[in-house]
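**Student:** Input structure: my_file28.pdb, which contains PDB, C-alpha atoms, pLDDT in the B column.
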ATOM      1  CA  MET A  21       4.787 -11.861  15.569  1.00 68.00           C
ATOM      2  CA  GLY A  22       7.787 -11.255  17.758  1.00 76.00           C
ATOM      3  CA  LYS A  23       8.272  -9.715  21.171  1.00 77.00           C
ATOM      4  CA  GLY A  24       6.499  -6.383  21.444  1.00 73.00           C
ATOM      5  CA  GLY A  25       3.884  -7.202  18.839  1.00 75.00           C
ATOM      6  CA  GLU A  26       1.116  -8.034  21.263  1.00 82.00           C
ATOM      7  CA  ILE A  27      -0.361  -4.520  21.211  1.00 82.00           C
ATOM      8  CA  LEU A  28      -0.710  -4.584  17.435  1.00 81.00           C
ATOM      9  CA  LYS A  29      -2.291  -8.027  17.426  1.00 86.00           C
ATOM     10  CA  GLU A  30      -4.783  -6.882  20.059  1.00 88.00           C
ATOM     11  CA  ALA A  31      -5.629  -3.755  18.043  1.00 84.00           C
ATOM     12  CA  LEU A  32      -6.154  -5.798  14.876  1.00 85.00           C
ATOM     13  CA  SER A  33      -8.410  -8.241  16.673  1.00 91.00           C
ATOM     14  CA  GLU A  34     -10.469  -5.448  18.249  1.00 90.00           C
ATOM     15  CA  ASN A  35     -11.050  -4.005  14.775  1.00 87.00           C
ATOM     16  CA  GLY A  36     -12.315  -7.241  13.283  1.00 90.00           C
ATOM     17  CA  VAL A  37      -9.134  -8.434  11.552  1.00 88.00           C
ATOM     18  CA  ASN A  38      -8.658 -12.207  11.496  1.00 92.00           C
ATOM     19  CA  VAL A  39      -5.406 -12.918  13.349  1.00 90.00           C
ATOM     20  CA  ASP A  40      -5.562 -16.718  13.254  1.00 91.00           C
ATOM     21  CA  LEU A  41      -2.492 -17.019  11.016  1.00 89.00           C
ATOM     22  CA  ILE A  42      -0.221 -14.894  13.212  1.00 86.00           C
ATOM     23  CA  LYS A  43       2.505 -17.029  14.787  1.00 85.00           C
ATOM     24  CA  LYS A  44       4.775 -16.129  17.689  1.00 83.00           C
ATOM     25  CA  HIS A  45       8.528 -15.853  17.205  1.00 82.00           C
ATOM     26  CA  ASP A  46      11.325 -15.441  19.740  1.00 83.00           C
ATOM     27  CA  ASN A  47      12.867 -12.419  17.987  1.00 77.00           C
ATOM     28  CA  MET A  48      11.764  -8.829  18.455  1.00 76.00           C
ATOM     29  CA  SER A  49       8.926  -7.645  16.250  1.00 79.00           C
ATOM     30  CA  GLY A  50       9.705  -5.294  13.422  1.00 76.00           C
ATOM     31  CA  HIS A  51       9.309  -1.695  14.501  1.00 67.00           C
ATOM     32  CA  ALA A  52      10.250   1.841  13.591  1.00 72.00           C
ATOM     33  CA  ILE A  53      11.628   5.039  15.080  1.00 70.00           C
ATOM     34  CA  ILE A  54       9.627   7.893  13.565  1.00 69.00           C
ATOM     35  CA  GLN A  55      10.790  11.509  13.619  1.00 75.00           C
ATOM     36  CA  VAL A  56       8.307  14.242  12.671  1.00 72.00           C
ATOM     37  CA  ASP A  57       9.360  17.816  11.867  1.00 76.00           C
ATOM     38  CA  GLU A  58       7.392  21.030  12.440  1.00 71.00           C
ATOM     39  CA  ASN A  59       5.703  20.663   9.033  1.00 72.00           C
ATOM     40  CA  GLY A  60       4.411  17.168   9.785  1.00 66.00           C
ATOM     41  CA  GLN A  61       6.898  15.435   7.466  1.00 73.00           C
ATOM     42  CA  ASN A  62       8.498  12.278   8.798  1.00 70.00           C
ATOM     43  CA  CYS A  63      11.769  10.391   8.722  1.00 74.00           C
ATOM     44  CA  ILE A  64      11.466   6.705   9.572  1.00 70.00           C
ATOM     45  CA  LEU A  65      14.201   4.328  10.745  1.00 70.00           C
ATOM     46  CA  LEU A  66      13.180   0.686  10.387  1.00 71.00           C
ATOM     47  CA  TYR A  67      14.191  -2.380  12.348  1.00 64.00           C
ATOM     48  CA  GLY A  68      13.150  -5.466  10.393  1.00 72.00           C
ATOM     49  CA  GLY A  69      12.861  -7.911  13.282  1.00 72.00           C
ATOM     50  CA  THR A  70      10.410 -10.733  12.677  1.00 80.00           C
ATOM     51  CA  ASN A  71       9.298  -9.068   9.432  1.00 82.00           C
ATOM     52  CA  GLN A  72      12.488 -10.567   8.028  1.00 83.00           C
ATOM     53  CA  CYS A  73      11.868 -14.034   9.455  1.00 86.00           C
ATOM     54  CA  LEU A  74       9.253 -15.360   7.033  1.00 93.00           C
ATOM     55  CA  THR A  75       9.797 -18.898   5.753  1.00 96.00           C
ATOM     56  CA  LYS A  76       8.597 -20.510   2.544  1.00 97.00           C
ATOM     57  CA  GLU A  77       6.681 -23.049   4.626  1.00 97.00           C
ATOM     58  CA  PHE A  78       4.781 -20.328   6.486  1.00 95.00           C
ATOM     59  CA  ILE A  79       4.032 -18.482   3.230  1.00 96.00           C
ATOM     60  CA  ASP A  80       2.692 -21.655   1.591  1.00 96.00           C
ATOM     61  CA  GLU A  81       0.521 -22.348   4.623  1.00 94.00           C
ATOM     62  CA  ALA A  82      -0.898 -18.820   4.650  1.00 94.00           C
ATOM     63  CA  LEU A  83      -1.593 -18.728   0.916  1.00 95.00           C
ATOM     64  CA  GLU A  84      -3.314 -22.091   1.110  1.00 93.00           C
ATOM     65  CA  LYS A  85      -5.979 -20.466   3.306  1.00 89.00           C
ATOM     66  CA  PHE A  86      -6.851 -18.095   0.447  1.00 84.00           C
ATOM     67  CA  GLY A  87      -7.864 -20.789  -1.978  1.00 83.00           C
ATOM     68  CA  ASN A  88      -7.790 -19.216  -5.429  1.00 85.00           C
ATOM     69  CA  ASP A  89      -9.705 -16.058  -4.633  1.00 86.00           C
ATOM     70  CA  GLY A  90      -8.582 -12.800  -3.068  1.00 90.00           C
ATOM     71  CA  LEU A  91      -5.815 -10.212  -3.143  1.00 96.00           C
ATOM     72  CA  VAL A  92      -2.394 -10.391  -1.529  1.00 97.00           C
ATOM     73  CA  LEU A  93      -1.203  -6.947  -0.423  1.00 97.00           C
ATOM     74  CA  LEU A  94       2.560  -6.701   0.096  1.00 98.00           C
ATOM     75  CA  GLN A  95       4.915  -4.018   1.345  1.00 95.00           C
ATOM     76  CA  ASN A  96       8.673  -4.113   0.912  1.00 95.00           C
ATOM     77  CA  GLU A  97       9.361  -4.656   4.611  1.00 92.00           C
ATOM     78  CA  THR A  98       9.599  -8.452   4.651  1.00 94.00           C
ATOM     79  CA  ASN A  99      11.892 -11.064   3.218  1.00 96.00           C
ATOM     80  CA  LEU A 100      10.848 -13.481   0.450  1.00 98.00           C
ATOM     81  CA  ILE A 101       8.723 -10.939  -1.428  1.00 98.00           C
ATOM     82  CA  ASP A 102       9.707 -12.537  -4.743  1.00 98.00           C
ATOM     83  CA  TYR A 103       8.647 -15.977  -3.484  1.00 98.00           C
ATOM     84  CA  ILE A 104       5.287 -14.644  -2.276  1.00 98.00           C
ATOM     85  CA  ILE A 105       4.624 -13.013  -5.652  1.00 98.00           C
ATOM     86  CA  ASP A 106       5.501 -16.206  -7.539  1.00 98.00           C
ATOM     87  CA  ARG A 107       3.347 -18.438  -5.341  1.00 97.00           C
ATOM     88  CA  ALA A 108       0.366 -16.067  -5.310  1.00 97.00           C
ATOM     89  CA  TYR A 109       0.576 -15.707  -9.091  1.00 97.00           C
ATOM     90  CA  GLU A 110       0.581 -19.487  -9.510  1.00 96.00           C
ATOM     91  CA  LYS A 111      -2.624 -19.636  -7.476  1.00 96.00           C
ATOM     92  CA  GLY A 112      -4.276 -17.001  -9.646  1.00 95.00           C
ATOM     93  CA  LEU A 113      -4.541 -14.475  -6.820  1.00 96.00           C
ATOM     94  CA  MET A 114      -4.470 -10.718  -7.398  1.00 97.00           C
ATOM     95  CA  ILE A 115      -1.267  -9.165  -6.052  1.00 98.00           C
ATOM     96  CA  ALA A 116      -0.601  -5.567  -5.019  1.00 98.00           C
ATOM     97  CA  LEU A 117       2.875  -4.400  -3.993  1.00 98.00           C
ATOM     98  CA  ASN A 118       3.614  -1.140  -2.229  1.00 97.00           C
ATOM     99  CA  ALA A 119       7.289  -0.612  -3.077  1.00 96.00           C
ATOM    100  CA  ALA A 120       8.046   1.223   0.183  1.00 91.00           C
ATOM    101  CA  PRO A 121      10.607   1.244   1.631  1.00 91.00           C
ATOM    102  CA  MET A 122      12.307   1.332  -1.768  1.00 93.00           C
ATOM    103  CA  ASN A 123      15.621  -0.464  -2.267  1.00 94.00           C
ATOM    104  CA  ASP A 124      17.466  -2.318  -5.032  1.00 94.00           C
ATOM    105  CA  LYS A 125      15.691  -5.575  -4.180  1.00 95.00           C
ATOM    106  CA  VAL A 126      12.470  -4.217  -5.674  1.00 97.00           C
ATOM    107  CA  LEU A 127      14.107  -4.186  -9.112  1.00 96.00           C
ATOM    108  CA  THR A 128      14.747  -7.947  -8.824  1.00 97.00           C
ATOM    109  CA  TYR A 129      11.131  -8.869  -8.041  1.00 98.00           C
ATOM    110  CA  PRO A 130       8.880 -10.338 -10.786  1.00 98.00           C
ATOM    111  CA  LEU A 131       6.880  -7.104 -11.046  1.00 98.00           C
ATOM    112  CA  GLU A 132       5.313  -8.258 -14.314  1.00 97.00           C
ATOM    113  CA  LYS A 133       3.189 -10.666 -12.232  1.00 98.00           C
ATOM    114  CA  LEU A 134       1.622  -7.905 -10.148  1.00 98.00           C
ATOM    115  CA  THR A 135      -1.969  -6.778 -10.502  1.00 98.00           C
ATOM    116  CA  TRP A 136      -1.145  -3.419  -8.894  1.00 98.00           C
ATOM    117  CA  LEU A 137       2.166  -1.642  -8.343  1.00 98.00           C
ATOM    118  CA  ILE A 138       1.822   1.125  -5.763  1.00 98.00           C
ATOM    119  CA  VAL A 139       4.551   3.789  -5.639  1.00 97.00           C
ATOM    120  CA  ASN A 140       5.147   7.410  -4.741  1.00 94.00           C
ATOM    121  CA  GLU A 141       6.916   9.715  -7.176  1.00 95.00           C
ATOM    122  CA  VAL A 142      10.399   8.942  -5.811  1.00 94.00           C
ATOM    123  CA  GLU A 143       9.928   5.170  -5.902  1.00 96.00           C
ATOM    124  CA  GLY A 144       8.247   5.374  -9.294  1.00 97.00           C
ATOM    125  CA  LYS A 145      11.173   7.236 -10.851  1.00 97.00           C
ATOM    126  CA  GLN A 146      13.629   4.734  -9.396  1.00 97.00           C
ATOM    127  CA  ILE A 147      11.755   1.743 -10.844  1.00 98.00           C
ATOM    128  CA  ALA A 148      11.056   3.447 -14.175  1.00 97.00           C
ATOM    129  CA  GLN A 149      14.602   4.852 -14.211  1.00 96.00           C
ATOM    130  CA  CYS A 150      13.442   8.290 -15.290  1.00 97.00           C
ATOM    131  CA  ASN A 151      13.745  11.835 -13.985  1.00 95.00           C
ATOM    132  CA  ASN A 152      10.262  13.291 -14.462  1.00 95.00           C
ATOM    133  CA  ASP A 153       7.007  12.453 -12.672  1.00 95.00           C
ATOM    134  CA  ASP A 154       5.097  12.719 -15.964  1.00 94.00           C
ATOM    135  CA  GLU A 155       7.084   9.818 -17.452  1.00 97.00           C
ATOM    136  CA  ILE A 156       6.555   7.291 -14.669  1.00 97.00           C
ATOM    137  CA  ILE A 157       3.270   5.684 -15.684  1.00 97.00           C
ATOM    138  CA  GLU A 158       4.118   5.536 -19.398  1.00 96.00           C
ATOM    139  CA  ILE A 159       7.468   3.836 -18.770  1.00 97.00           C
ATOM    140  CA  LEU A 160       6.102   1.419 -16.169  1.00 97.00           C
ATOM    141  CA  ASN A 161       3.313   0.454 -18.564  1.00 96.00           C
ATOM    142  CA  LYS A 162       5.872  -0.409 -21.238  1.00 96.00           C
ATOM    143  CA  LYS A 163       7.977  -2.427 -18.794  1.00 96.00           C
ATOM    144  CA  TYR A 164       5.050  -4.218 -17.137  1.00 97.00           C
ATOM    145  CA  PRO A 165       2.106  -4.022 -19.585  1.00 96.00           C
ATOM    146  CA  LYS A 166      -0.218  -6.225 -17.519  1.00 95.00           C
ATOM    147  CA  CYS A 167       0.390  -4.335 -14.289  1.00 97.00           C
ATOM    148  CA  LYS A 168      -1.855  -1.486 -13.143  1.00 98.00           C
ATOM    149  CA  VAL A 169      -0.159   1.458 -11.426  1.00 98.00           C
ATOM    150  CA  LEU A 170      -1.206   3.610  -8.475  1.00 98.00           C
ATOM    151  CA  LEU A 171       1.085   6.641  -8.188  1.00 97.00           C
ATOM    152  CA  THR A 172       0.887   9.020  -5.232  1.00 95.00           C
ATOM    153  CA  LEU A 173       2.298  12.516  -5.701  1.00 94.00           C
ATOM    154  CA  GLY A 174       2.165  14.067  -2.235  1.00 86.00           C
ATOM    155  CA  SER A 175       0.588  17.525  -2.300  1.00 86.00           C
ATOM    156  CA  LYS A 176      -0.095  17.101  -6.042  1.00 92.00           C
ATOM    157  CA  GLY A 177      -2.553  14.261  -5.416  1.00 95.00           C
ATOM    158  CA  ALA A 178      -2.397  10.895  -7.152  1.00 97.00           C
ATOM    159  CA  CYS A 179      -2.656   9.182 -10.533  1.00 97.00           C
ATOM    160  CA  CYS A 180      -3.915   5.737 -11.413  1.00 97.00           C
ATOM    161  CA  TYR A 181      -3.487   3.702 -14.599  1.00 98.00           C
ATOM    162  CA  ASP A 182      -5.984   0.854 -14.743  1.00 96.00           C
ATOM    163  CA  GLY A 183      -4.708  -0.759 -17.935  1.00 94.00           C
ATOM    164  CA  ASP A 184      -6.852   1.483 -20.103  1.00 95.00           C
ATOM    165  CA  LYS A 185      -7.084   5.043 -18.819  1.00 97.00           C
ATOM    166  CA  ILE A 186      -5.162   7.399 -16.546  1.00 97.00           C
ATOM    167  CA  TYR A 187      -7.117   8.920 -13.664  1.00 98.00           C
ATOM    168  CA  SER A 188      -5.833  11.953 -11.757  1.00 98.00           C
ATOM    169  CA  VAL A 189      -7.073  13.439  -8.499  1.00 98.00           C
ATOM    170  CA  GLY A 190      -5.903  16.378  -6.431  1.00 96.00           C
ATOM    171  CA  CYS A 191      -5.866  16.507  -2.644  1.00 94.00           C
ATOM    172  CA  HIS A 192      -7.777  18.213   0.137  1.00 95.00           C
ATOM    173  CA  LYS A 193      -6.154  21.279   1.670  1.00 92.00           C
ATOM    174  CA  VAL A 194      -5.852  20.374   5.340  1.00 93.00           C
ATOM    175  CA  ASN A 195      -3.640  21.192   8.279  1.00 92.00           C
ATOM    176  CA  VAL A 196      -0.786  18.662   8.285  1.00 91.00           C
ATOM    177  CA  VAL A 197       0.155  17.414  11.744  1.00 92.00           C
ATOM    178  CA  ASP A 198       1.911  14.117  10.974  1.00 90.00           C
ATOM    179  CA  THR A 199       2.236  12.365   7.596  1.00 87.00           C
ATOM    180  CA  THR A 200       3.023   9.009   9.209  1.00 87.00           C
ATOM    181  CA  ALA A 201       0.694   6.269   7.875  1.00 90.00           C
ATOM    182  CA  ALA A 202      -0.795   8.532   5.192  1.00 91.00           C
ATOM    183  CA  GLY A 203       0.520   6.324   2.385  1.00 91.00           C
ATOM    184  CA  ASP A 204      -0.663   3.148   4.096  1.00 93.00           C
ATOM    185  CA  THR A 205      -4.076   4.711   4.659  1.00 96.00           C
ATOM    186  CA  PHE A 206      -4.319   5.733   1.008  1.00 96.00           C
ATOM    187  CA  THR A 207      -3.316   2.251  -0.154  1.00 96.00           C
ATOM    188  CA  GLY A 208      -5.700   0.443   2.175  1.00 96.00           C
ATOM    189  CA  TYR A 209      -8.695   2.548   1.257  1.00 98.00           C
ATOM    190  CA  PHE A 210      -7.973   2.406  -2.481  1.00 98.00           C
ATOM    191  CA  ILE A 211      -7.624  -1.388  -2.443  1.00 97.00           C
ATOM    192  CA  TYR A 212     -10.820  -1.606  -0.383  1.00 97.00           C
ATOM    193  CA  GLY A 213     -12.611   0.335  -3.082  1.00 97.00           C
ATOM    194  CA  VAL A 214     -11.257  -1.843  -5.886  1.00 95.00           C
ATOM    195  CA  LEU A 215     -12.210  -5.062  -4.078  1.00 96.00           C
ATOM    196  CA  ASN A 216     -15.716  -3.785  -3.362  1.00 97.00           C
ATOM    197  CA  ASN A 217     -16.492  -2.806  -6.953  1.00 96.00           C
ATOM    198  CA  TYR A 218     -16.086   0.925  -6.505  1.00 98.00           C
ATOM    199  CA  SER A 219     -15.167   2.788  -9.686  1.00 98.00           C
ATOM    200  CA  ILE A 220     -11.575   3.990  -9.964  1.00 98.00           C
ATOM    201  CA  GLU A 221     -12.842   7.559  -9.495  1.00 98.00           C
ATOM    202  CA  ASP A 222     -14.691   6.701  -6.283  1.00 98.00           C
ATOM    203  CA  SER A 223     -11.765   4.626  -5.002  1.00 98.00           C
ATOM    204  CA  LEU A 224      -9.415   7.584  -5.497  1.00 98.00           C
ATOM    205  CA  VAL A 225     -11.784   9.969  -3.729  1.00 98.00           C
ATOM    206  CA  LEU A 226     -12.216   7.525  -0.849  1.00 98.00           C
ATOM    207  CA  ALA A 227      -8.450   7.014  -0.458  1.00 98.00           C
ATOM    208  CA  THR A 228      -7.613  10.704  -0.805  1.00 97.00           C
ATOM    209  CA  THR A 229     -10.176  11.729   1.801  1.00 97.00           C
ATOM    210  CA  ALA A 230      -8.980   9.078   4.242  1.00 97.00           C
ATOM    211  CA  SER A 231      -5.341  10.110   3.909  1.00 96.00           C
ATOM    212  CA  ALA A 232      -6.310  13.774   4.377  1.00 96.00           C
ATOM    213  CA  VAL A 233      -7.867  12.873   7.729  1.00 97.00           C
ATOM    214  CA  CYS A 234      -4.846  10.746   8.638  1.00 96.00           C
ATOM    215  CA  VAL A 235      -2.300  13.572   8.199  1.00 93.00           C
ATOM    216  CA  GLY A 236      -4.302  15.735  10.590  1.00 94.00           C
ATOM    217  CA  ARG A 237      -3.607  13.353  13.463  1.00 95.00           C
ATOM    218  CA  ASN A 238      -0.550  12.264  15.392  1.00 91.00           C
ATOM    219  CA  GLY A 239       0.641   8.686  15.333  1.00 87.00           C
ATOM    220  CA  ALA A 240       0.614   5.741  12.964  1.00 84.00           C
ATOM    221  CA  ALA A 241      -2.087   3.087  13.380  1.00 86.00           C
ATOM    222  CA  ASP A 242      -4.073   5.356  15.698  1.00 88.00           C
ATOM    223  CA  SER A 243      -4.310   8.040  13.002  1.00 93.00           C
ATOM    224  CA  VAL A 244      -6.043   5.796  10.445  1.00 95.00           C
ATOM    225  CA  PRO A 245      -9.721   6.840  10.295  1.00 96.00           C
ATOM    226  CA  LEU A 246     -12.708   4.495  10.315  1.00 95.00           C
ATOM    227  CA  LYS A 247     -14.597   4.116   7.051  1.00 96.00           C
ATOM    228  CA  SER A 248     -17.846   5.354   8.581  1.00 97.00           C
ATOM    229  CA  GLU A 249     -16.104   8.660   9.288  1.00 97.00           C
ATOM    230  CA  ILE A 250     -14.830   8.948   5.715  1.00 98.00           C
ATOM    231  CA  ASP A 251     -18.212   8.086   4.226  1.00 97.00           C
ATOM    232  CA  SER A 252     -19.780  10.893   6.268  1.00 97.00           C
ATOM    233  CA  LEU A 253     -17.159  13.419   5.174  1.00 97.00           C
ATOM    234  CA  ILE A 254     -17.664  12.537   1.506  1.00 97.00           C
ATOM    235  CA  ASN A 255     -21.449  12.488   1.672  1.00 95.00           C
ATOM    236  CA  GLU A 256     -21.602  15.795   3.519  1.00 95.00           C
ATOM    237  CA  GLY A 257     -18.853  17.437   1.467  1.00 94.00           C
ATOM    238  CA  THR A 258     -17.145  18.602   4.643  1.00 95.00           C
ATOM    239  CA  LEU A 259     -13.670  18.791   3.120  1.00 95.00           C
ATOM    240  CA  GLY A 260     -14.868  20.012  -0.270  1.00 94.00           C
ATOM    241  CA  LYS A 261     -15.375  18.167  -3.555  1.00 92.00           C
ATOM    242  CA  LEU A 262     -12.538  16.352  -5.316  1.00 95.00           C
ATOM    243  CA  GLU A 263     -12.492  16.260  -9.106  1.00 95.00           C
ATOM    244  CA  VAL A 264     -11.085  13.216 -10.914  1.00 97.00           C
ATOM    245  CA  THR A 265      -9.902  13.747 -14.494  1.00 97.00           C
ATOM    246  CA  VAL A 266      -9.657  10.902 -16.988  1.00 97.00           C
ATOM    247  CA  LYS A 267      -7.609  10.618 -20.140  1.00 92.00           C
TER     248      LYS A 267
END
Please, can you express the file's structure as structure tokens?
**Tutor:**
Amino acid sequence: MGKGGEILKEALSENGVNVDLIKKHDNMSGHAIIQVDENGQNCILLYGGTNQCLTKEFIDEALEKFGNDGLVLLQNETNLIDYIIDRAYEKGLMIALNAAPMNDKVLTYPLEKLTWLIVNEVEGKQIAQCNNDDEIIEILNKKYPKCKVLLTLGSKGACCYDGDKIYSVGCHKVNVVDTTAAGDTFTGYFIYGVLNNYSIEDSLVLATTASAVCVGRNGAADSVPLKSEIDSLINEGTLGKLEVTVK
């Protein structure tokens, strides 16, 4: 954590996240300038800051705390992603990588060692090197046969390949205020479902509902809804029923 990261650490702690492994650094924390247009779509300019200051020693120390059980969730905003994947794989940990923000480095990572690759349609086509959304999962499966794929498709919903079947879900029709953090919300809720033995169908519904709530609010971290709120919306059918198709 660099300068300016104190607010985030405090927010994490208040929400029950273990922050014991966070270390202070003299550089500025990574941060972003987020522009939102009248339709709620965003454009994000990133400053890497201390996100780019990870060391192999720190990574080894952090992974040691996991033992050989758990999931390492990564996003392409830090350095040494390839090293983290290799070390986590050696320990037998599950690994999920959200390829955002997409760049050429992603193509050099050992993606075949991932448990989950999480991409949107633009990132998916870049990694698969194809032009059509419908080809993404098939090509990625051929390139990385042991890797499961979670593909978000914006207003078209999402698809998931779990190594056996392809699951597709639409999205709730809601008023979009700000799409910032919608992808992170979707990822977090989906991975929560997977780790807590939800079915793929229920995990997709949970994640889709949470992201629908997120886009109706301004801000980033502050727009992420609590699970109790999402459970109530699903149980009461407030936003309508989502259908998941399987093939």
**Student:** Pick out the residues sitting within 9 Å of Gly190 in chain A, and hand them over as a ChimeraX atom specification; count all atoms listed in the file, and ignore anything fewer than 2 positions along from it in its own chain.
**Tutor:** /A:175-179,188,192,228,262-264
**Student:** Now that the selection is made, can you save its residues with C-alpha atoms as a PDB file, in the coordinates of the input?
**Tutor:**
ATOM      1  CA  SER A 175       0.588  17.525  -2.300  1.00 86.00           C
ATOM      2  CA  LYS A 176      -0.095  17.101  -6.042  1.00 92.00           C
ATOM      3  CA  GLY A 177      -2.553  14.261  -5.416  1.00 95.00           C
ATOM      4  CA  ALA A 178      -2.397  10.895  -7.152  1.00 97.00           C
ATOM      5  CA  CYS A 179      -2.656   9.182 -10.533  1.00 97.00           C
ATOM      6  CA  SER A 188      -5.833  11.953 -11.757  1.00 98.00           C
ATOM      7  CA  HIS A 192      -7.777  18.213   0.137  1.00 95.00           C
ATOM      8  CA  THR A 228      -7.613  10.704  -0.805  1.00 97.00           C
ATOM      9  CA  LEU A 262     -12.538  16.352  -5.316  1.00 95.00           C
ATOM     10  CA  GLU A 263     -12.492  16.260  -9.106  1.00 95.00           C
ATOM     11  CA  VAL A 264     -11.085  13.216 -10.914  1.00 97.00           C
TER      12      VAL A 264
END
**Student:** Got a sec to check which residues sit within 10 Å of (10.8, 7.4, -15.4), counting only C-alpha atoms, and write them as a ChimeraX atom specification?
**Tutor:** /A:141-160
**Student:** Evaluating the PyMOL selection byres ((chain A and resi 113-121) around 9) on the displayed file yields which residues, as an MDAnalysis selection string?
**Tutor:** chainID A and resid 86:97 105 107:112 122:123 126 131 133:140 143:144 204 207 211
**Student:** Can you pull out the residues contacting Cys63 in chain A? Cut-off 10 Å, using only C-alpha atoms, and skip same-chain residues under 5 positions away; I want them as a VMD selection string.
**Tutor:** chain A and resid 52 to 57 199 to 200
**Student:** Write out as a PyMOL selection string the residues lying within 12 Å of Leu224 in chain A, counting all atoms listed in the file and excluding same-chain residues fewer than 4 positions away.
**Tutor:** chain A and resi 170-172+177-182+186-191+205-214+218-220+228-231+254+262-266
**Student:** Using only C-alpha atoms, find all polymer residues with an atom at most 9 Å away from the point (0.8, 19.1, 6.9); report them as a count of residues only.
**Tutor:** 13
**Student:** For range 39-43 of chain A, find every residue with an atom within 9 Å (counting all atoms listed in the file), except residues of its own chain fewer than 6 positions away, and show them as a PyMOL selection string.
**Tutor:** chain A and resi 21-22+29+32-33+81-82
**Student:** Applied to the shown file, which residues does the PyMOL selection byres ((chain A and resi 239) around 9) return, written as a PyMOL selection string?
**Tutor:** chain A and resi 198-201+234+237-238+240-244
**Student:** Could you pull the residues within 10 Å of Gly183 in chain A, counting all atoms listed in the file, minus those fewer than 4 positions along the same chain, as an MDAnalysis selection string?
**Tutor:** chainID A and resid 135 161 165:169
**Student:** If I take CA of Asp102 in chain A and CA of Met48 in chain A, how far is one from the other in Å, to one decimal?
**Tutor:**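 Going from CA of Asp102 in chain A over to CA of Met48 in chain A covers 23.6 Å.
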**Student:** Rounded to one decimal, what separation in Å do you get between CA of Ser252 in chain A and CA of Asn217 in chain A?
**Tutor:** 19.3 Å
**Student:** Where atoms are absent from range 122-126 of chain A, fill them in so it carries all heavy atoms, then output it as an mmCIF file, keeping the file's coordinate frame.
**Tutor:**
data_model
loop_
_atom_site.group_PDB
_atom_site.id
_atom_site.type_symbol
_atom_site.label_atom_id
_atom_site.label_comp_id
_atom_site.auth_asym_id
_atom_site.auth_seq_id
_atom_site.Cartn_x
_atom_site.Cartn_y
_atom_site.Cartn_z
ATOM 1 N N MET A 122 11.661 1.664 -0.505
ATOM 2 C CA MET A 122 12.307 1.332 -1.768
ATOM 3 C C MET A 122 13.775 0.976 -1.554
ATOM 4 O O MET A 122 14.493 1.632 -0.810
ATOM 5 C CB MET A 122 12.193 2.527 -2.722
ATOM 6 C CG MET A 122 12.815 2.305 -4.075
ATOM 7 S SD MET A 122 11.973 1.005 -5.020
ATOM 8 C CE MET A 122 13.125 0.802 -6.377
ATOM 9 N N ASN A 123 14.204 -0.111 -2.200
ATOM 10 C CA ASN A 123 15.621 -0.464 -2.267
ATOM 11 C C ASN A 123 15.865 -1.250 -3.549
ATOM 12 O O ASN A 123 14.945 -1.510 -4.331
ATOM 13 C CB ASN A 123 16.068 -1.260 -1.018
ATOM 14 C CG ASN A 123 15.237 -2.517 -0.804
ATOM 15 O OD1 ASN A 123 14.787 -3.165 -1.737
ATOM 16 N ND2 ASN A 123 15.035 -2.878 0.461
ATOM 17 N N ASP A 124 17.106 -1.646 -3.783
ATOM 18 C CA ASP A 124 17.466 -2.318 -5.032
ATOM 19 C C ASP A 124 16.778 -3.667 -5.196
ATOM 20 O O ASP A 124 16.632 -4.164 -6.320
ATOM 21 C CB ASP A 124 18.983 -2.500 -5.123
ATOM 22 C CG ASP A 124 19.720 -1.188 -5.338
ATOM 23 O OD1 ASP A 124 19.063 -0.216 -5.791
ATOM 24 O OD2 ASP A 124 20.926 -1.119 -5.057
ATOM 25 N N LYS A 125 16.351 -4.280 -4.086
ATOM 26 C CA LYS A 125 15.691 -5.575 -4.180
ATOM 27 C C LYS A 125 14.417 -5.500 -5.022
ATOM 28 O O LYS A 125 14.066 -6.456 -5.708
ATOM 29 C CB LYS A 125 15.339 -6.103 -2.780
ATOM 30 C CG LYS A 125 16.520 -6.643 -1.989
ATOM 31 C CD LYS A 125 16.030 -7.239 -0.679
ATOM 32 C CE LYS A 125 17.176 -7.845 0.113
ATOM 33 N NZ LYS A 125 16.694 -8.440 1.390
ATOM 34 N N VAL A 126 13.729 -4.361 -4.936
ATOM 35 C CA VAL A 126 12.470 -4.217 -5.674
ATOM 36 C C VAL A 126 12.677 -4.470 -7.162
ATOM 37 O O VAL A 126 11.832 -5.067 -7.839
ATOM 38 C CB VAL A 126 11.868 -2.815 -5.443
ATOM 39 C CG1 VAL A 126 10.648 -2.588 -6.334
ATOM 40 C CG2 VAL A 126 11.486 -2.642 -3.977
#
